[in-house]
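**Q** Here it is, the structure, as structure tokens.
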Amino acid sequence: MNSNLEIKNISKSYINQKKIFVLKNINYKFKKGKIYSLVGPSGSGKSTLLNILSLIDRPSKGNIILDSKKIDFDENIKNDQLRSNNFGIIYQEKNLLSDFTAIENISIAGIANGKSLIQTEKLAQKIIKKLKLQNRSNHFPSQLSGGENQRIAIGRALINSPNIIIADEPSGNLDHKNSKEFFKLLFDLRTKNRIIIYATHNRYFANLADCRLQLIDGKLKSINARK
Ligand SMILES: Nc1ncnc2c1ncn2[C@@H]1O[C@H](COP(=O)(O)OP(=O)(O)OP(=O)(O)O)[C@@H](O)[C@H]1O
Ligand SMILES: [Mg+2]
């Protein structure tokens, strides 16, 4: 099966008082249809890597290959469009805009992507139903529980039918029951053309993935590959 997301010799360093090397020449091919978990101690570079993968941040060295094309990190506008077309991104918290309702939060990314209002509304209704949150459509984020907020964040990430879903500790603020519900929904998004990558500190949820990746001392290790 072809890979449509590849990292090649990626390094990332930050210069504060002294230079720190977070990612050290890492290589990996993510394969369509697979679900990946990313683990590693706090500060090991999980968010750094996910932000580079989703074209939010740029590597100090190395390349990202998306659908056989090398990303040019100087092409900001093009990369914003690529991100909007290809990626659904979910963070640990504050995924939603506080002044917009649940259904509006799901819709905004669709409209920003150039879909028509009617098309987006239809799609958002379908998605919110799938998330079993249609009775929360008109609630604002502050009127939703933590679990509901994260489920709406899945909806927001889904509106543009992404090939790649990236989630950075998406259940970090949820209890076990809500985390389980969240991951059930996330795993239901598997399709043969989609890559799903999530970072977590929770071993139970990390173990659910097809491939477990670990960041340690700036290197990426595959610690299992069940499938
Ligand atoms: N903008 C930045 N400037 C300087 N250093 C940074 C910056 N962003 C991250 N770092 C440093 O890079 C290292 C990796 O951070 P990162 O957030 O990727 O870790 P993480 O594995 O996601 O940790 P956590 O599990 O706590 O979320 C840390 O030492 C952090 O302090
Ligand atoms: Mg992090």
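Here's how to read the names in the structure tokens: chain A, B, ... by the order shown, residue numbers from 1 in each chain, ligand numbers from 1 in the order shown.
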Wanna dump the chain A-ligand 1 contacts at 7 Å for me, each residue with its shortest atom pair and the distance in Å to one decimal, counting only C-alpha atoms and all ligand atoms, ordered by chain and number, as a Markdown table?
**A**
| residue | atom | partner | partner_atom_place_in_ligand_line | distance |
| --- | --- | --- | --- | --- |
| A:Tyr14 | CA | ligand 1 | 4 (C) | 4.9 |
| A:Ile15 | CA | ligand 1 | 4 (C) | 6.5 |
| A:Asn16 | CA | ligand 1 | 4 (C) | 6.1 |
| A:Val22 | CA | ligand 1 | 13 (C) | 5.5 |
| A:Gly40 | CA | ligand 1 | 21 (O) | 6.2 |
| A:Pro41 | CA | ligand 1 | 25 (O) | 5.8 |
| A:Ser42 | CA | ligand 1 | 25 (O) | 3.4 |
| A:Gly43 | CA | ligand 1 | 19 (O) | 3.4 |
| A:Ser44 | CA | ligand 1 | 21 (O) | 3.9 |
| A:Gly45 | CA | ligand 1 | 18 (O) | 3.1 |
| A:Lys46 | CA | ligand 1 | 21 (O) | 3.8 |
| A:Ser47 | CA | ligand 1 | 22 (O) | 3.7 |
| A:Thr48 | CA | ligand 1 | 18 (O) | 3.7 |
| A:Leu49 | CA | ligand 1 | 18 (O) | 6.5 |
| A:His201 | CA | ligand 1 | 25 (O) | 7.0 |
**Q** Fewer than 6 positions away in the same chain doesn't count, so skip those; otherwise give me all residues within 7 Å of Asn9 of chain A, counting only C-alpha atoms, as number ranges by chain.
**A** A: 25-27, 62-63
**Q** Any idea what's packed within 10 Å of Gly110 of chain A, counting only C-alpha atoms, ignoring anything in its chain fewer than 5 positions away? Could you give it as a ChimeraX atom specification?
**A** /A:84-85,104-105,115-117,119-121,123-124,156-161
**Q** Quote the spacing between atom CA of Leu131 of chain A and atom CA of Arg151 of chain A in Å to one decimal place.
**A**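 Between atom CA of Leu131 of chain A and atom CA of Arg151 of chain A the gap is 6.6 Å.
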**Q** Just the strand (DSSP E or B) stuff from segment 164-216 of chain A, please, per backbone DSSP, written as a PyMOL selection string.
**A** chain A and resi 164-168+195-199+211-216
**Q** Suppose you want the space between atom CA of Phe182 of chain A and atom CA of Gln150 of chain A; what is it in Å?
**A**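 Calculated distance between atom CA of Phe182 of chain A and atom CA of Gln150 of chain A is 7.3 Å.
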**Q** Quick one: residues within 12 Å of Asp210 of chain A, only C-alpha atoms counted, chain neighbours fewer than 3 positions away excluded, as a list in words?
**A**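 After dropping sequence-adjacent residues, the list is Phe30, Lys31, Lys32, Gly33, Lys34, Ile35, Tyr36, Ser37, Leu38, Phe187, Arg190, Ile195, Ile196, Ile197, Tyr198, Phe205, Ala206, Asn207, Leu213, Ser222, Ile223, Asn224, Ala225, Arg226 and Lys227 of chain A.
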**Q** Write out, as a short mmCIF file (atom, residue, chain, number, x, y, z; two decimals), in the first residue's frame, the residues just selected, with N, CA, C and O atoms.
**A**
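Listed below is the output, result_26.cif:
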data_model
loop_
_atom_site.label_atom_id
_atom_site.label_comp_id
_atom_site.auth_asym_id
_atom_site.auth_seq_id
_atom_site.Cartn_x
_atom_site.Cartn_y
_atom_site.Cartn_z
N PHE A 30 4.07 7.06 7.01
CA PHE A 30 2.75 6.73 7.54
C PHE A 30 1.92 6.15 6.40
O PHE A 30 1.93 6.68 5.28
N LYS A 31 1.22 5.07 6.69
CA LYS A 31 0.49 4.38 5.62
C LYS A 31 -1.01 4.61 5.74
O LYS A 31 -1.57 4.59 6.84
N LYS A 32 -1.63 4.77 4.59
CA LYS A 32 -3.08 4.95 4.52
C LYS A 32 -3.79 3.78 5.19
O LYS A 32 -3.36 2.63 5.04
N GLY A 33 -4.88 4.07 5.85
CA GLY A 33 -5.67 3.00 6.46
C GLY A 33 -5.21 2.62 7.85
O GLY A 33 -5.85 1.80 8.50
N LYS A 34 -4.13 3.19 8.30
CA LYS A 34 -3.56 2.80 9.60
C LYS A 34 -3.79 3.87 10.67
O LYS A 34 -3.88 5.06 10.36
N ILE A 35 -3.78 3.40 11.89
CA ILE A 35 -3.92 4.29 13.04
C ILE A 35 -2.65 4.20 13.88
O ILE A 35 -2.19 3.10 14.20
N TYR A 36 -2.08 5.35 14.18
CA TYR A 36 -0.79 5.43 14.89
C TYR A 36 -0.96 6.13 16.22
O TYR A 36 -1.62 7.18 16.28
N SER A 37 -0.33 5.59 17.26
CA SER A 37 -0.25 6.35 18.51
C SER A 37 1.18 6.80 18.69
O SER A 37 2.13 6.14 18.24
N LEU A 38 1.32 7.96 19.32
CA LEU A 38 2.65 8.54 19.56
C LEU A 38 2.79 8.76 21.06
O LEU A 38 2.00 9.49 21.66
N PHE A 187 -11.69 5.99 16.27
CA PHE A 187 -11.38 4.76 15.54
C PHE A 187 -12.44 4.45 14.48
O PHE A 187 -12.14 3.81 13.48
N ARG A 190 -11.74 5.46 10.80
CA ARG A 190 -10.78 4.77 9.94
C ARG A 190 -11.41 4.49 8.57
O ARG A 190 -12.54 4.02 8.48
N ILE A 195 -5.17 8.33 7.25
CA ILE A 195 -4.16 8.11 8.29
C ILE A 195 -4.64 8.82 9.55
O ILE A 195 -5.07 9.98 9.47
N ILE A 196 -4.60 8.13 10.68
CA ILE A 196 -4.96 8.76 11.95
C ILE A 196 -3.75 8.66 12.89
O ILE A 196 -3.19 7.57 13.07
N ILE A 197 -3.34 9.79 13.44
CA ILE A 197 -2.18 9.81 14.34
C ILE A 197 -2.58 10.55 15.61
O ILE A 197 -3.09 11.67 15.54
N TYR A 198 -2.38 9.91 16.77
CA TYR A 198 -2.68 10.65 18.01
C TYR A 198 -1.56 10.48 19.01
O TYR A 198 -0.94 9.43 19.12
N PHE A 205 -4.82 3.61 25.88
CA PHE A 205 -5.27 4.13 24.59
C PHE A 205 -4.17 4.03 23.53
O PHE A 205 -4.46 3.79 22.36
N ALA A 206 -2.92 4.16 23.97
CA ALA A 206 -1.81 4.01 23.01
C ALA A 206 -1.82 2.60 22.41
O ALA A 206 -1.58 2.42 21.21
N ASN A 207 -2.16 1.62 23.25
CA ASN A 207 -2.11 0.23 22.80
C ASN A 207 -3.21 -0.13 21.81
O ASN A 207 -3.15 -1.19 21.18
N LEU A 213 4.22 4.39 18.14
CA LEU A 213 5.49 5.08 17.92
C LEU A 213 5.91 5.75 19.22
O LEU A 213 5.06 6.27 19.95
N SER A 222 9.54 2.69 16.35
CA SER A 222 8.30 1.94 16.21
C SER A 222 8.37 0.83 17.24
O SER A 222 9.25 -0.02 17.18
N ILE A 223 7.45 0.87 18.24
CA ILE A 223 7.57 -0.14 19.29
C ILE A 223 6.63 -1.32 19.08
O ILE A 223 6.70 -2.29 19.78
N ASN A 224 5.75 -1.21 18.14
CA ASN A 224 5.08 -2.41 17.65
C ASN A 224 4.41 -2.08 16.33
O ASN A 224 4.15 -0.93 16.02
N ALA A 225 4.15 -3.08 15.57
CA ALA A 225 3.40 -2.88 14.32
C ALA A 225 2.55 -4.12 14.17
O ALA A 225 2.97 -5.12 13.60
N ARG A 226 1.36 -4.07 14.77
CA ARG A 226 0.50 -5.26 14.80
C ARG A 226 0.03 -5.64 13.41
O ARG A 226 -0.19 -6.80 13.13
N LYS A 227 -0.22 -4.60 12.58
CA LYS A 227 -0.81 -4.91 11.27
C LYS A 227 0.09 -4.39 10.17
O LYS A 227 0.80 -3.43 10.38
#
**Q** Name the residues in contact with Lys69 of chain A at a cut-off of 12 Å, using only C-alpha atoms, excluding same-chain residues fewer than 3 positions from it; report them as a PDB file with all heavy atoms, in the first residue's frame.
**A**
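Result went into around_2.pdb, see below:
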ATOM      1  N   SER A   3       2.247   5.003   0.734  1.00  0.00           N
ATOM      2  CA  SER A   3       2.207   5.936   1.852  1.00  0.00           C
ATOM      3  C   SER A   3       1.881   7.304   1.284  1.00  0.00           C
ATOM      4  O   SER A   3       2.325   7.658   0.204  1.00  0.00           O
ATOM      5  CB  SER A   3       3.581   5.972   2.496  1.00  0.00           C
ATOM      6  OG  SER A   3       3.741   7.162   3.199  1.00  0.00           O
ATOM      7  N   ASN A   4       1.074   8.104   1.972  1.00  0.00           N
ATOM      8  CA  ASN A   4       0.928   9.464   1.452  1.00  0.00           C
ATOM      9  C   ASN A   4       1.417  10.519   2.438  1.00  0.00           C
ATOM     10  O   ASN A   4       1.196  11.691   2.237  1.00  0.00           O
ATOM     11  CB  ASN A   4      -0.484   9.763   0.959  1.00  0.00           C
ATOM     12  CG  ASN A   4      -1.456   9.892   2.086  1.00  0.00           C
ATOM     13  OD1 ASN A   4      -1.123   9.689   3.252  1.00  0.00           O
ATOM     14  ND2 ASN A   4      -2.677  10.235   1.729  1.00  0.00           N
ATOM     15  N   LEU A   5       2.082  10.089   3.488  1.00  0.00           N
ATOM     16  CA  LEU A   5       2.700  11.061   4.397  1.00  0.00           C
ATOM     17  C   LEU A   5       4.025  10.483   4.876  1.00  0.00           C
ATOM     18  O   LEU A   5       4.056   9.408   5.486  1.00  0.00           O
ATOM     19  CB  LEU A   5       1.778  11.351   5.588  1.00  0.00           C
ATOM     20  CG  LEU A   5       2.294  12.390   6.575  1.00  0.00           C
ATOM     21  CD1 LEU A   5       2.401  13.770   5.941  1.00  0.00           C
ATOM     22  CD2 LEU A   5       1.374  12.478   7.805  1.00  0.00           C
ATOM     23  N   GLU A   6       5.078  11.207   4.557  1.00  0.00           N
ATOM     24  CA  GLU A   6       6.396  10.682   4.882  1.00  0.00           C
ATOM     25  C   GLU A   6       7.249  11.791   5.487  1.00  0.00           C
ATOM     26  O   GLU A   6       7.203  12.937   5.024  1.00  0.00           O
ATOM     27  CB  GLU A   6       7.039  10.171   3.588  1.00  0.00           C
ATOM     28  CG  GLU A   6       8.342   9.472   3.821  1.00  0.00           C
ATOM     29  CD  GLU A   6       8.927   8.875   2.534  1.00  0.00           C
ATOM     30  OE1 GLU A   6       8.252   8.874   1.480  1.00  0.00           O
ATOM     31  OE2 GLU A   6      10.072   8.429   2.600  1.00  0.00           O
ATOM     32  N   ILE A   7       8.015  11.444   6.519  1.00  0.00           N
ATOM     33  CA  ILE A   7       8.980  12.417   7.038  1.00  0.00           C
ATOM     34  C   ILE A   7      10.375  11.901   6.728  1.00  0.00           C
ATOM     35  O   ILE A   7      10.671  10.716   6.897  1.00  0.00           O
ATOM     36  CB  ILE A   7       8.803  12.684   8.558  1.00  0.00           C
ATOM     37  CG1 ILE A   7       8.671  11.398   9.370  1.00  0.00           C
ATOM     38  CG2 ILE A   7       7.614  13.562   8.832  1.00  0.00           C
ATOM     39  CD1 ILE A   7       8.460  11.640  10.853  1.00  0.00           C
ATOM     40  N   ASN A  63      12.531  16.980   5.310  1.00  0.00           N
ATOM     41  CA  ASN A  63      11.368  17.184   4.441  1.00  0.00           C
ATOM     42  C   ASN A  63      10.147  16.406   4.888  1.00  0.00           C
ATOM     43  O   ASN A  63      10.249  15.348   5.495  1.00  0.00           O
ATOM     44  CB  ASN A  63      11.708  16.727   3.018  1.00  0.00           C
ATOM     45  CG  ASN A  63      12.745  17.618   2.384  1.00  0.00           C
ATOM     46  OD1 ASN A  63      12.551  18.826   2.283  1.00  0.00           O
ATOM     47  ND2 ASN A  63      13.876  17.033   2.015  1.00  0.00           N
ATOM     48  N   ILE A  64       9.000  16.982   4.523  1.00  0.00           N
ATOM     49  CA  ILE A  64       7.725  16.264   4.630  1.00  0.00           C
ATOM     50  C   ILE A  64       7.274  16.002   3.201  1.00  0.00           C
ATOM     51  O   ILE A  64       7.268  16.919   2.369  1.00  0.00           O
ATOM     52  CB  ILE A  64       6.641  17.138   5.313  1.00  0.00           C
ATOM     53  CG1 ILE A  64       7.055  17.576   6.704  1.00  0.00           C
ATOM     54  CG2 ILE A  64       5.284  16.442   5.301  1.00  0.00           C
ATOM     55  CD1 ILE A  64       6.803  16.586   7.781  1.00  0.00           C
ATOM     56  N   ILE A  65       6.904  14.762   2.952  1.00  0.00           N
ATOM     57  CA  ILE A  65       6.401  14.430   1.614  1.00  0.00           C
ATOM     58  C   ILE A  65       4.922  14.081   1.766  1.00  0.00           C
ATOM     59  O   ILE A  65       4.569  13.131   2.470  1.00  0.00           O
ATOM     60  CB  ILE A  65       7.139  13.199   1.017  1.00  0.00           C
ATOM     61  CG1 ILE A  65       8.642  13.228   1.302  1.00  0.00           C
ATOM     62  CG2 ILE A  65       6.834  13.041  -0.465  1.00  0.00           C
ATOM     63  CD1 ILE A  65       9.432  14.223   0.533  1.00  0.00           C
ATOM     64  N   LEU A  66       4.091  14.877   1.109  1.00  0.00           N
ATOM     65  CA  LEU A  66       2.650  14.637   1.176  1.00  0.00           C
ATOM     66  C   LEU A  66       2.178  14.289  -0.231  1.00  0.00           C
ATOM     67  O   LEU A  66       2.389  15.076  -1.166  1.00  0.00           O
ATOM     68  CB  LEU A  66       1.951  15.910   1.696  1.00  0.00           C
ATOM     69  CG  LEU A  66       0.436  15.895   1.790  1.00  0.00           C
ATOM     70  CD1 LEU A  66      -0.055  14.869   2.795  1.00  0.00           C
ATOM     71  CD2 LEU A  66      -0.090  17.284   2.161  1.00  0.00           C
ATOM     72  N   ASP A  72       7.106  22.704   0.578  1.00  0.00           N
ATOM     73  CA  ASP A  72       7.991  23.870   0.661  1.00  0.00           C
ATOM     74  C   ASP A  72       7.476  24.743   1.808  1.00  0.00           C
ATOM     75  O   ASP A  72       6.400  25.337   1.713  1.00  0.00           O
ATOM     76  CB  ASP A  72       7.942  24.632  -0.673  1.00  0.00           C
ATOM     77  CG  ASP A  72       8.809  25.884  -0.634  1.00  0.00           C
ATOM     78  OD1 ASP A  72       9.221  26.291   0.472  1.00  0.00           O
ATOM     79  OD2 ASP A  72       9.056  26.447  -1.707  1.00  0.00           O
ATOM     80  N   ASN A  79       0.386  26.083   1.791  1.00  0.00           N
ATOM     81  CA  ASN A  79       0.365  25.094   2.868  1.00  0.00           C
ATOM     82  C   ASN A  79      -0.883  25.216   3.741  1.00  0.00           C
ATOM     83  O   ASN A  79      -1.401  24.213   4.228  1.00  0.00           O
ATOM     84  CB  ASN A  79       1.637  25.198   3.718  1.00  0.00           C
ATOM     85  CG  ASN A  79       2.861  24.784   2.921  1.00  0.00           C
ATOM     86  OD1 ASN A  79       2.733  24.132   1.881  1.00  0.00           O
ATOM     87  ND2 ASN A  79       4.028  25.165   3.387  1.00  0.00           N
ATOM     88  N   LEU A  82      -3.351  23.364   1.743  1.00  0.00           N
ATOM     89  CA  LEU A  82      -3.091  21.917   1.856  1.00  0.00           C
ATOM     90  C   LEU A  82      -3.598  21.395   3.188  1.00  0.00           C
ATOM     91  O   LEU A  82      -4.185  20.322   3.277  1.00  0.00           O
ATOM     92  CB  LEU A  82      -1.577  21.644   1.784  1.00  0.00           C
ATOM     93  CG  LEU A  82      -0.923  21.575   0.420  1.00  0.00           C
ATOM     94  CD1 LEU A  82       0.578  21.389   0.571  1.00  0.00           C
ATOM     95  CD2 LEU A  82      -1.504  20.419  -0.397  1.00  0.00           C
TER      96      LEU A  82
END
**Q** So what do you get for atom CA of Leu208 of chain A versus atom CA of Lys184 of chain A, distance-wise?
**A**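 It comes out at 10.1 Å.
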